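> The structure is given below, and queries will be raised subsequently.
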Amino acid sequence: METINLTLNILHAGGIILYPTDTIWGLGCDATNEQSVRRLMDIKGRVNGKGFVILADIPQRIPSYVDEVPDMAWELIGLADKPLTIVFDKGKNLAPSVYGQSGSVAIRVTQSKFCQQLISRFGRPIVSTSANFCGTPFPKNFDAISPEIVSRVDYVVPGNIDTESTGKPSSIIALGKGNQVSIIRE
């Protein structure tokens with residue numbers, strides 16, 4: 001409980017966290033705070049227009065961040081047996097730098113108990129991007145994270161808080177009009 005409170009304080013203050021997710025270690029911030037998202041981009045060395053994955057605690061929050069949720073999305077979320085990120089055509093109510101070039105938004109309903117509790121209490125989605133510099137391999141565990149990345153965040157969530165990380169990125173599926181499905185990453 002103390003870890004969640006400390007993490008919430010950092011997020012409310014616009015800070016950047018380093019935290020274990022249901023996939024890999026991530027860098028995160030308030031997905032509705034443009035200043036925080038831009039600082040996160042600076043830490044990663046990421047260019048504008050690529051967009052970020054955001055985490056939601058429950059599927060019912062998705063309509064708050066997406067203009068239209070195709071029926072197929074609910075089916076995919078219900079059937080997913082491993083972490084799944086869905087790219088929706090048009091996002092809303094998020095920091096502008098979260099969106100892809102076309103206004104799309106990538107959302108994963110996290111399976112991590114810690115992340116679910118954090119997002120539920122925070123009341124907003126959080127960015128989830130791999131804890132590495134752009135162009136370098138993602139870290140499979142905490143020890144593989146660059147010390148420079150660790151030094152640039154405002155809070156590091158203790159690694160023993162959540163042992164549900166798979167050590168692999170999520171699958172990514174893009175949903176288009178008419179339930180058109182494109183697999184981006186298996």
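Ordered as shown in the structure tokens, chains take letters A, B, and onward, while each chain numbers its residues from 1 and ligands are numbered from 1 in the order shown.
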Within 8 Å of stretch 79-84 of chain A, counting only C-alpha atoms, which residues show up once you throw out same-chain ones fewer than 2 positions away? Write them as a list of chain:residue names, please.
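Close residues of stretch 79-84 of chain A: A:Asp22, A:Thr23, A:Glu75, A:Leu76, A:Ile77, A:Ile86, A:Arg108, A:Val109, A:Thr110, A:Gln111, A:Ser170, A:Ser171, A:Ile172, A:Ile173.
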> I need the chosen residues saved as a PDB file, in the first residue's frame, with N, CA, C and O atoms.

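Full text of part10.pdb as output:
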```pdb
ATOM      1  N   ASP A  22       2.813  -6.028 -16.595  1.00  0.00           N
ATOM      2  CA  ASP A  22       2.498  -7.428 -16.874  1.00  0.00           C
ATOM      3  C   ASP A  22       3.362  -7.975 -18.009  1.00  0.00           C
ATOM      4  O   ASP A  22       3.339  -9.169 -18.278  1.00  0.00           O
ATOM      5  N   THR A  23       4.141  -7.106 -18.660  1.00  0.00           N
ATOM      6  CA  THR A  23       5.005  -7.552 -19.753  1.00  0.00           C
ATOM      7  C   THR A  23       6.470  -7.362 -19.367  1.00  0.00           C
ATOM      8  O   THR A  23       7.123  -8.292 -18.942  1.00  0.00           O
ATOM      9  N   GLU A  75     -14.340  -8.631 -27.850  1.00  0.00           N
ATOM     10  CA  GLU A  75     -14.101 -10.070 -28.032  1.00  0.00           C
ATOM     11  C   GLU A  75     -12.632 -10.402 -27.840  1.00  0.00           C
ATOM     12  O   GLU A  75     -12.286 -11.379 -27.159  1.00  0.00           O
ATOM     13  N   LEU A  76     -11.746  -9.609 -28.443  1.00  0.00           N
ATOM     14  CA  LEU A  76     -10.312  -9.860 -28.323  1.00  0.00           C
ATOM     15  C   LEU A  76      -9.841  -9.755 -26.882  1.00  0.00           C
ATOM     16  O   LEU A  76      -9.067 -10.588 -26.412  1.00  0.00           O
ATOM     17  N   ILE A  77     -10.319  -8.739 -26.176  1.00  0.00           N
ATOM     18  CA  ILE A  77      -9.931  -8.568 -24.769  1.00  0.00           C
ATOM     19  C   ILE A  77     -10.409  -9.756 -23.946  1.00  0.00           C
ATOM     20  O   ILE A  77      -9.679 -10.289 -23.110  1.00  0.00           O
ATOM     21  N   ILE A  86      -4.180  -3.121 -28.032  1.00  0.00           N
ATOM     22  CA  ILE A  86      -5.024  -2.871 -29.203  1.00  0.00           C
ATOM     23  C   ILE A  86      -4.848  -1.417 -29.626  1.00  0.00           C
ATOM     24  O   ILE A  86      -4.936  -0.503 -28.800  1.00  0.00           O
ATOM     25  N   ARG A 108      -3.623  -1.112 -23.577  1.00  0.00           N
ATOM     26  CA  ARG A 108      -3.581  -2.464 -23.034  1.00  0.00           C
ATOM     27  C   ARG A 108      -4.283  -2.447 -21.681  1.00  0.00           C
ATOM     28  O   ARG A 108      -3.993  -1.603 -20.837  1.00  0.00           O
ATOM     29  N   VAL A 109      -5.213  -3.370 -21.506  1.00  0.00           N
ATOM     30  CA  VAL A 109      -5.816  -3.559 -20.189  1.00  0.00           C
ATOM     31  C   VAL A 109      -4.836  -4.443 -19.440  1.00  0.00           C
ATOM     32  O   VAL A 109      -4.641  -5.607 -19.787  1.00  0.00           O
ATOM     33  N   THR A 110      -4.191  -3.877 -18.454  1.00  0.00           N
ATOM     34  CA  THR A 110      -3.115  -4.578 -17.762  1.00  0.00           C
ATOM     35  C   THR A 110      -3.633  -5.769 -16.962  1.00  0.00           C
ATOM     36  O   THR A 110      -4.736  -5.727 -16.405  1.00  0.00           O
ATOM     37  N   GLN A 111      -2.818  -6.793 -16.897  1.00  0.00           N
ATOM     38  CA  GLN A 111      -3.133  -7.967 -16.087  1.00  0.00           C
ATOM     39  C   GLN A 111      -2.367  -7.946 -14.761  1.00  0.00           C
ATOM     40  O   GLN A 111      -2.532  -8.832 -13.932  1.00  0.00           O
ATOM     41  N   SER A 170       4.009  -7.111 -25.177  1.00  0.00           N
ATOM     42  CA  SER A 170       2.674  -7.618 -25.502  1.00  0.00           C
ATOM     43  C   SER A 170       2.523  -7.833 -27.004  1.00  0.00           C
ATOM     44  O   SER A 170       3.276  -7.291 -27.809  1.00  0.00           O
ATOM     45  N   SER A 171       1.512  -8.605 -27.356  1.00  0.00           N
ATOM     46  CA  SER A 171       1.081  -8.671 -28.750  1.00  0.00           C
ATOM     47  C   SER A 171       0.391  -7.351 -29.053  1.00  0.00           C
ATOM     48  O   SER A 171      -0.193  -6.731 -28.161  1.00  0.00           O
ATOM     49  N   ILE A 172       0.461  -6.913 -30.319  1.00  0.00           N
ATOM     50  CA  ILE A 172      -0.204  -5.670 -30.712  1.00  0.00           C
ATOM     51  C   ILE A 172      -1.058  -5.942 -31.939  1.00  0.00           C
ATOM     52  O   ILE A 172      -0.573  -6.489 -32.933  1.00  0.00           O
ATOM     53  N   ILE A 173      -2.325  -5.543 -31.839  1.00  0.00           N
ATOM     54  CA  ILE A 173      -3.286  -5.690 -32.933  1.00  0.00           C
ATOM     55  C   ILE A 173      -3.912  -4.329 -33.188  1.00  0.00           C
ATOM     56  O   ILE A 173      -4.310  -3.633 -32.250  1.00  0.00           O
TER      57      ILE A 173
END
```
> For stretch 40-42 of chain A, please output as a compact mmCIF listing (two decimals) with N, CA and C atoms, in the first residue's frame all residues within 10 Å (counting only C-alpha atoms; exclusion window: fewer than 2 positions along the same chain).

```txt
# COMPACT_ATOMS: atom_id res chain seq x y z
N GLY A 15 5.39 13.41 -12.36
CA GLY A 15 6.68 12.73 -12.44
C GLY A 15 6.67 11.49 -13.32
N ILE A 16 7.87 10.94 -13.48
CA ILE A 16 8.10 9.75 -14.30
C ILE A 16 8.46 8.60 -13.37
N ILE A 17 7.81 7.44 -13.61
CA ILE A 17 8.09 6.25 -12.80
C ILE A 17 8.74 5.18 -13.66
N LEU A 27 8.66 2.58 -18.40
CA LEU A 27 8.68 3.96 -17.97
C LEU A 27 7.25 4.44 -18.09
N GLY A 28 6.80 5.20 -17.12
CA GLY A 28 5.41 5.63 -17.15
C GLY A 28 5.21 7.01 -16.59
N CYS A 29 4.04 7.56 -16.93
CA CYS A 29 3.62 8.86 -16.42
C CYS A 29 2.12 8.98 -16.66
N GLU A 34 0.57 16.37 -20.84
CA GLU A 34 1.47 16.56 -21.98
C GLU A 34 2.90 16.86 -21.54
N GLN A 35 3.07 17.65 -20.51
CA GLN A 35 4.42 17.99 -20.05
C GLN A 35 5.14 16.72 -19.57
N SER A 36 4.44 15.85 -18.87
CA SER A 36 5.05 14.60 -18.40
C SER A 36 5.39 13.68 -19.57
N VAL A 37 4.48 13.58 -20.54
CA VAL A 37 4.73 12.72 -21.69
C VAL A 37 5.94 13.22 -22.48
N ARG A 38 6.07 14.53 -22.63
CA ARG A 38 7.23 15.08 -23.35
C ARG A 38 8.53 14.83 -22.58
N LYS A 44 13.71 8.88 -23.11
CA LYS A 44 13.92 7.78 -24.05
C LYS A 44 14.67 8.18 -25.32
N GLY A 45 14.70 9.49 -25.62
CA GLY A 45 15.27 9.94 -26.88
C GLY A 45 14.33 9.62 -28.04
N ARG A 46 13.05 9.76 -27.79
CA ARG A 46 12.02 9.37 -28.76
C ARG A 46 11.49 10.57 -29.52
N VAL A 47 11.25 10.41 -30.81
CA VAL A 47 10.73 11.50 -31.63
C VAL A 47 9.22 11.59 -31.47
N ASN A 48 8.69 12.76 -31.75
CA ASN A 48 7.25 12.99 -31.67
C ASN A 48 6.55 12.27 -32.82
N GLY A 51 3.77 7.85 -30.87
CA GLY A 51 2.70 7.42 -29.97
C GLY A 51 3.21 6.48 -28.89
N PHE A 52 2.39 6.30 -27.88
CA PHE A 52 2.73 5.44 -26.74
C PHE A 52 1.58 4.49 -26.45
N SER A 97 0.83 14.06 -27.30
CA SER A 97 2.00 13.25 -27.69
C SER A 97 1.81 11.75 -27.46
N VAL A 98 0.71 11.36 -26.85
CA VAL A 98 0.41 9.94 -26.65
C VAL A 98 -0.06 9.31 -27.97
N VAL A 127 1.06 5.95 -19.11
CA VAL A 127 1.88 5.53 -20.25
C VAL A 127 2.68 4.31 -19.84
N THR A 129 5.85 2.44 -21.62
CA THR A 129 6.83 2.27 -22.70
C THR A 129 8.05 1.58 -22.12
N PHE A 133 16.48 3.21 -24.04
CA PHE A 133 16.61 4.31 -24.99
C PHE A 133 16.14 3.81 -26.35
N CYS A 134 15.56 4.71 -27.14
CA CYS A 134 15.11 4.33 -28.48
C CYS A 134 16.27 3.72 -29.27
N ARG A 152 17.31 8.97 -14.27
CA ARG A 152 16.52 10.08 -14.82
C ARG A 152 15.04 10.05 -14.42
N VAL A 153 14.59 8.99 -13.75
CA VAL A 153 13.19 8.92 -13.34
C VAL A 153 13.03 9.48 -11.93
```
> For A:Gly159, list every protein, DNA or RNA residue within 12 Å, evaluated using only C-alpha atoms, and leave out those in the same chain fewer than 5 positions away; present the list as number ranges by chain.
A: 3, 18-21, 24-26, 114, 141-143, 164-165
> Do you know which residues are at most 12 Å from stretch 59-62 of chain A counting only C-alpha atoms, after dropping those on the same chain fewer than 3 positions away, and could you put them as a PyMOL selection string?
chain A and resi 54-56+65-70+73-78+84-88+90-94+105-111+116+119-120+123-125
> So that I can check the secondary structure, give me every residue of stretch 1-181 of chain A assigned strand (DSSP E or B) by backbone DSSP, as an mmCIF file with N, CA, C and O atoms, in the first residue's frame.

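Okay, part.cif is ready:
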```
data_model
loop_
_atom_site.group_PDB
_atom_site.id
_atom_site.type_symbol
_atom_site.label_atom_id
_atom_site.label_comp_id
_atom_site.auth_asym_id
_atom_site.auth_seq_id
_atom_site.Cartn_x
_atom_site.Cartn_y
_atom_site.Cartn_z
ATOM 1 N N ILE A 17 7.814 7.445 -13.608
ATOM 2 C CA ILE A 17 8.087 6.253 -12.804
ATOM 3 C C ILE A 17 8.739 5.177 -13.662
ATOM 4 O O ILE A 17 8.570 5.133 -14.873
ATOM 5 N N LEU A 18 9.485 4.307 -13.000
ATOM 6 C CA LEU A 18 10.042 3.098 -13.596
ATOM 7 C C LEU A 18 9.379 1.972 -12.830
ATOM 8 O O LEU A 18 9.489 1.907 -11.601
ATOM 9 N N TYR A 19 8.660 1.091 -13.553
ATOM 10 C CA TYR A 19 7.820 0.133 -12.842
ATOM 11 C C TYR A 19 7.672 -1.185 -13.596
ATOM 12 O O TYR A 19 7.755 -1.223 -14.822
ATOM 13 N N PRO A 20 7.419 -2.274 -12.847
ATOM 14 C CA PRO A 20 7.165 -3.559 -13.500
ATOM 15 C C PRO A 20 5.715 -3.602 -13.981
ATOM 16 O O PRO A 20 4.806 -3.171 -13.280
ATOM 17 N N TRP A 25 9.609 -4.266 -17.832
ATOM 18 C CA TRP A 25 9.756 -3.044 -17.052
ATOM 19 C C TRP A 25 9.460 -1.852 -17.941
ATOM 20 O O TRP A 25 9.885 -1.803 -19.097
ATOM 21 N N GLY A 26 8.707 -0.899 -17.400
ATOM 22 C CA GLY A 26 8.300 0.243 -18.193
ATOM 23 C C GLY A 26 8.613 1.570 -17.556
ATOM 24 O O GLY A 26 8.818 1.674 -16.342
ATOM 25 N N LEU A 27 8.665 2.577 -18.401
ATOM 26 C CA LEU A 27 8.684 3.963 -17.970
ATOM 27 C C LEU A 27 7.251 4.442 -18.090
ATOM 28 O O LEU A 27 6.560 4.110 -19.064
ATOM 29 N N GLY A 28 6.798 5.197 -17.115
ATOM 30 C CA GLY A 28 5.413 5.628 -17.154
ATOM 31 C C GLY A 28 5.210 7.014 -16.587
ATOM 32 O O GLY A 28 6.060 7.558 -15.884
ATOM 33 N N ASP A 30 1.545 10.064 -16.209
ATOM 34 C CA ASP A 30 0.138 10.375 -16.428
ATOM 35 C C ASP A 30 -0.083 10.562 -17.932
ATOM 36 O O ASP A 30 0.498 11.462 -18.545
ATOM 37 N N VAL A 53 1.918 3.389 -25.810
ATOM 38 C CA VAL A 53 0.904 2.487 -25.253
ATOM 39 C C VAL A 53 0.464 3.091 -23.929
ATOM 40 O O VAL A 53 1.289 3.592 -23.156
ATOM 41 N N ILE A 54 -0.834 3.042 -23.671
ATOM 42 C CA ILE A 54 -1.320 3.429 -22.354
ATOM 43 C C ILE A 54 -1.942 2.198 -21.706
ATOM 44 O O ILE A 54 -2.439 1.304 -22.393
ATOM 45 N N LEU A 55 -1.893 2.169 -20.394
ATOM 46 C CA LEU A 55 -2.489 1.077 -19.627
ATOM 47 C C LEU A 55 -3.792 1.533 -19.003
ATOM 48 O O LEU A 55 -3.876 2.635 -18.454
ATOM 49 N N ALA A 56 -4.782 0.673 -19.073
ATOM 50 C CA ALA A 56 -6.052 0.863 -18.375
ATOM 51 C C ALA A 56 -6.185 -0.272 -17.367
ATOM 52 O O ALA A 56 -5.629 -1.358 -17.567
ATOM 53 N N VAL A 66 -11.164 6.444 -26.363
ATOM 54 C CA VAL A 66 -11.285 6.054 -27.768
ATOM 55 C C VAL A 66 -12.617 6.575 -28.297
ATOM 56 O O VAL A 66 -13.644 6.435 -27.646
ATOM 57 N N LEU A 84 -2.232 -8.127 -24.299
ATOM 58 C CA LEU A 84 -2.620 -7.701 -25.641
ATOM 59 C C LEU A 84 -2.822 -6.191 -25.669
ATOM 60 O O LEU A 84 -3.589 -5.652 -24.873
ATOM 61 N N THR A 85 -2.144 -5.537 -26.600
ATOM 62 C CA THR A 85 -2.331 -4.111 -26.836
ATOM 63 C C THR A 85 -3.156 -3.956 -28.108
ATOM 64 O O THR A 85 -2.854 -4.599 -29.114
ATOM 65 N N ILE A 86 -4.180 -3.121 -28.032
ATOM 66 C CA ILE A 86 -5.024 -2.871 -29.203
ATOM 67 C C ILE A 86 -4.848 -1.417 -29.626
ATOM 68 O O ILE A 86 -4.936 -0.503 -28.800
ATOM 69 N N VAL A 87 -4.586 -1.225 -30.919
ATOM 70 C CA VAL A 87 -4.469 0.119 -31.485
ATOM 71 C C VAL A 87 -5.826 0.484 -32.070
ATOM 72 O O VAL A 87 -6.342 -0.197 -32.952
ATOM 73 N N PHE A 88 -6.395 1.569 -31.554
ATOM 74 C CA PHE A 88 -7.684 2.068 -32.008
ATOM 75 C C PHE A 88 -7.458 3.264 -32.933
ATOM 76 O O PHE A 88 -6.508 4.022 -32.752
ATOM 77 N N GLY A 91 -8.055 8.315 -30.796
ATOM 78 C CA GLY A 91 -8.073 8.470 -29.354
ATOM 79 C C GLY A 91 -8.663 9.808 -28.943
ATOM 80 O O GLY A 91 -8.878 10.697 -29.772
ATOM 81 N N VAL A 105 -4.557 5.471 -30.953
ATOM 82 C CA VAL A 105 -4.098 5.266 -29.582
ATOM 83 C C VAL A 105 -4.006 3.765 -29.306
ATOM 84 O O VAL A 105 -4.866 2.990 -29.724
ATOM 85 N N ALA A 106 -2.932 3.378 -28.632
ATOM 86 C CA ALA A 106 -2.689 1.976 -28.285
ATOM 87 C C ALA A 106 -2.993 1.779 -26.806
ATOM 88 O O ALA A 106 -2.424 2.475 -25.957
ATOM 89 N N ILE A 107 -3.885 0.836 -26.504
ATOM 90 C CA ILE A 107 -4.312 0.605 -25.118
ATOM 91 C C ILE A 107 -4.164 -0.862 -24.764
ATOM 92 O O ILE A 107 -4.543 -1.746 -25.530
ATOM 93 N N ARG A 108 -3.623 -1.112 -23.577
ATOM 94 C CA ARG A 108 -3.581 -2.464 -23.034
ATOM 95 C C ARG A 108 -4.283 -2.447 -21.681
ATOM 96 O O ARG A 108 -3.993 -1.603 -20.837
ATOM 97 N N VAL A 109 -5.213 -3.370 -21.506
ATOM 98 C CA VAL A 109 -5.816 -3.559 -20.189
ATOM 99 C C VAL A 109 -4.836 -4.443 -19.440
ATOM 100 O O VAL A 109 -4.641 -5.607 -19.787
ATOM 101 N N ILE A 126 -2.057 5.367 -17.488
ATOM 102 C CA ILE A 126 -0.644 5.724 -17.438
ATOM 103 C C ILE A 126 0.046 5.212 -18.703
ATOM 104 O O ILE A 126 -0.354 4.207 -19.280
ATOM 105 N N VAL A 127 1.062 5.946 -19.111
ATOM 106 C CA VAL A 127 1.877 5.533 -20.246
ATOM 107 C C VAL A 127 2.678 4.307 -19.839
ATOM 108 O O VAL A 127 3.115 4.181 -18.690
ATOM 109 N N SER A 128 2.852 3.405 -20.785
ATOM 110 C CA SER A 128 3.698 2.240 -20.566
ATOM 111 C C SER A 128 4.592 2.082 -21.786
ATOM 112 O O SER A 128 4.138 1.695 -22.859
ATOM 113 N N THR A 129 5.850 2.436 -21.623
ATOM 114 C CA THR A 129 6.827 2.273 -22.700
ATOM 115 C C THR A 129 8.048 1.579 -22.123
ATOM 116 O O THR A 129 8.360 1.736 -20.943
ATOM 117 N N SER A 130 8.704 0.780 -22.928
ATOM 118 C CA SER A 130 9.836 -0.003 -22.436
ATOM 119 C C SER A 130 10.907 0.901 -21.833
ATOM 120 O O SER A 130 11.141 2.009 -22.301
ATOM 121 N N TYR A 155 10.881 8.048 -9.591
ATOM 122 C CA TYR A 155 10.626 6.985 -8.618
ATOM 123 C C TYR A 155 10.760 5.626 -9.296
ATOM 124 O O TYR A 155 10.247 5.433 -10.403
ATOM 125 N N VAL A 156 11.455 4.721 -8.614
ATOM 126 C CA VAL A 156 11.580 3.341 -9.073
ATOM 127 C C VAL A 156 10.734 2.467 -8.158
ATOM 128 O O VAL A 156 10.987 2.392 -6.950
ATOM 129 N N SER A 171 1.512 -8.605 -27.356
ATOM 130 C CA SER A 171 1.081 -8.671 -28.750
ATOM 131 C C SER A 171 0.391 -7.351 -29.053
ATOM 132 O O SER A 171 -0.193 -6.731 -28.161
ATOM 133 N N ILE A 172 0.461 -6.913 -30.319
ATOM 134 C CA ILE A 172 -0.204 -5.670 -30.712
ATOM 135 C C ILE A 172 -1.058 -5.942 -31.939
ATOM 136 O O ILE A 172 -0.573 -6.489 -32.933
ATOM 137 N N ILE A 173 -2.325 -5.543 -31.839
ATOM 138 C CA ILE A 173 -3.286 -5.690 -32.933
ATOM 139 C C ILE A 173 -3.912 -4.329 -33.188
ATOM 140 O O ILE A 173 -4.310 -3.633 -32.250
ATOM 141 N N ALA A 174 -3.991 -3.939 -34.453
ATOM 142 C CA ALA A 174 -4.671 -2.699 -34.823
ATOM 143 C C ALA A 174 -6.057 -3.038 -35.341
ATOM 144 O O ALA A 174 -6.222 -3.965 -36.135
ATOM 145 N N LEU A 175 -7.053 -2.312 -34.839
ATOM 146 C CA LEU A 175 -8.432 -2.492 -35.293
ATOM 147 C C LEU A 175 -8.845 -1.293 -36.128
ATOM 148 O O LEU A 175 -8.757 -0.159 -35.672
ATOM 149 N N VAL A 181 -8.722 -6.215 -38.891
ATOM 150 C CA VAL A 181 -7.688 -6.531 -37.917
ATOM 151 C C VAL A 181 -6.334 -6.628 -38.614
ATOM 152 O O VAL A 181 -6.205 -7.290 -39.635
#
```
